[in-house]
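Enquirer: One structure, pasted below without further comment.
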Amino acid sequence: MDSNNFYDDRKFCTDCNDYVPYLASIDRSYCIQCGAEVRLFSTEDWERFQNGLGNRPMAERKAKTKGRAGAILDAQAEEAEENSQSGEGEQSGDQRESA
């Protein structure tokens, strides 16, 4: 199951009790050898897969902003943050010049 090659792709056939090549239709896939409907995983592999997902930590995501207005606000917030960080050292020099 390491390859992304179309000809090497396999799904589990419950009748053959093995991972087999298959024919794919829009809704279902069928075993080439016996014609039975196939699944992505066997029952044991599916349980192992589900248990493996439970052990992984959830990745943190930034909250999405809505539409163009949200993107503009995000850009303005980032720009303000950059200016405040870079402007801290320059502010004291600017204040001296104006005084």
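By order in the structure tokens, chains are A, B, ...; within a chain, residues start at 1; ligands start at 1, following the order shown.
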Excluding Arg39 (chain A) and its own-chain neighbours fewer than 4 positions away, which residues fall within 12 Å of it when counting only C-alpha atoms? Please give them as a list in words.
Expert: Arg10, Lys11, Phe12, Cys13, Thr14, Asp15, Cys16, Asn17, Asp18, Tyr19, Val20, Pro21, Tyr22, Leu23, Ala24, Asp27, Arg28, Ser29, Tyr30, Cys31, Thr43, Asp45 and Trp46 of chain A
Enquirer: Go ahead and write the selection's residues with C-alpha atoms as a short mmCIF file (atom, residue, chain, number, x, y, z; two decimals), in the first residue's frame.
Expert:
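Okay, this is what ended up in again.cif:
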data_model
loop_
_atom_site.label_atom_id
_atom_site.label_comp_id
_atom_site.auth_asym_id
_atom_site.auth_seq_id
_atom_site.Cartn_x
_atom_site.Cartn_y
_atom_site.Cartn_z
CA ARG A 10 -5.69 -2.53 -3.58
CA LYS A 11 -8.81 -2.67 -1.41
CA PHE A 12 -10.07 -5.40 0.92
CA CYS A 13 -12.48 -8.01 -0.44
CA THR A 14 -14.46 -9.82 2.27
CA ASP A 15 -15.20 -12.79 -0.02
CA CYS A 16 -11.55 -13.32 -1.02
CA ASN A 17 -10.39 -12.25 2.49
CA ASP A 18 -7.47 -10.37 0.95
CA TYR A 19 -6.43 -7.02 -0.48
CA VAL A 20 -7.18 -7.24 -4.21
CA PRO A 21 -7.18 -5.08 -7.33
CA TYR A 22 -10.59 -3.54 -7.92
CA LEU A 23 -12.83 -1.78 -10.39
CA ALA A 24 -14.08 1.57 -9.18
CA ASP A 27 -20.47 4.90 -5.60
CA ARG A 28 -18.76 1.54 -5.03
CA SER A 29 -15.73 -0.54 -5.91
CA TYR A 30 -15.75 -4.21 -6.90
CA CYS A 31 -13.22 -7.04 -6.66
CA THR A 43 -11.95 -5.02 10.04
CA ASP A 45 -6.82 -2.91 9.94
CA TRP A 46 -9.71 -0.45 10.41
#
Enquirer: Please run DSSP on the backbone and report, as a PDB file with C-alpha atoms, in the first residue's frame, all residues within region 2-47 of chain A that come out as alpha helix (DSSP H).
Expert:
ATOM      1  CA  THR A  43     -11.953  -5.017  10.036  1.00  0.00           C
ATOM      2  CA  GLU A  44      -8.674  -5.585  11.914  1.00  0.00           C
ATOM      3  CA  ASP A  45      -6.824  -2.909   9.937  1.00  0.00           C
ATOM      4  CA  TRP A  46      -9.708  -0.454  10.414  1.00  0.00           C
ATOM      5  CA  GLU A  47      -9.621  -0.945  14.204  1.00  0.00           C
TER       6      GLU A  47
END
Enquirer: Which distance in Å separates CA of Leu53 (chain A) and CA of Asp9 (chain A), to one decimal?
Expert: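 So the answer is 22.7 Å.
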Enquirer: Quick one: contact table of region 9-43 of chain A to region 49-52 of chain A, 12 Å max, nearest atom pair and distance in Å to one decimal per residue, counting only C-alpha atoms, chain and number order, as JSON lines?
Expert:
{"residue": "A:Leu40", "atom": "CA", "partner": "A:Phe49", "partner_atom": "CA", "distance": 11.4}
{"residue": "A:Phe41", "atom": "CA", "partner": "A:Phe49", "partner_atom": "CA", "distance": 9.0}
{"residue": "A:Ser42", "atom": "CA", "partner": "A:Phe49", "partner_atom": "CA", "distance": 10.3}
{"residue": "A:Thr43", "atom": "CA", "partner": "A:Phe49", "partner_atom": "CA", "distance": 9.8}
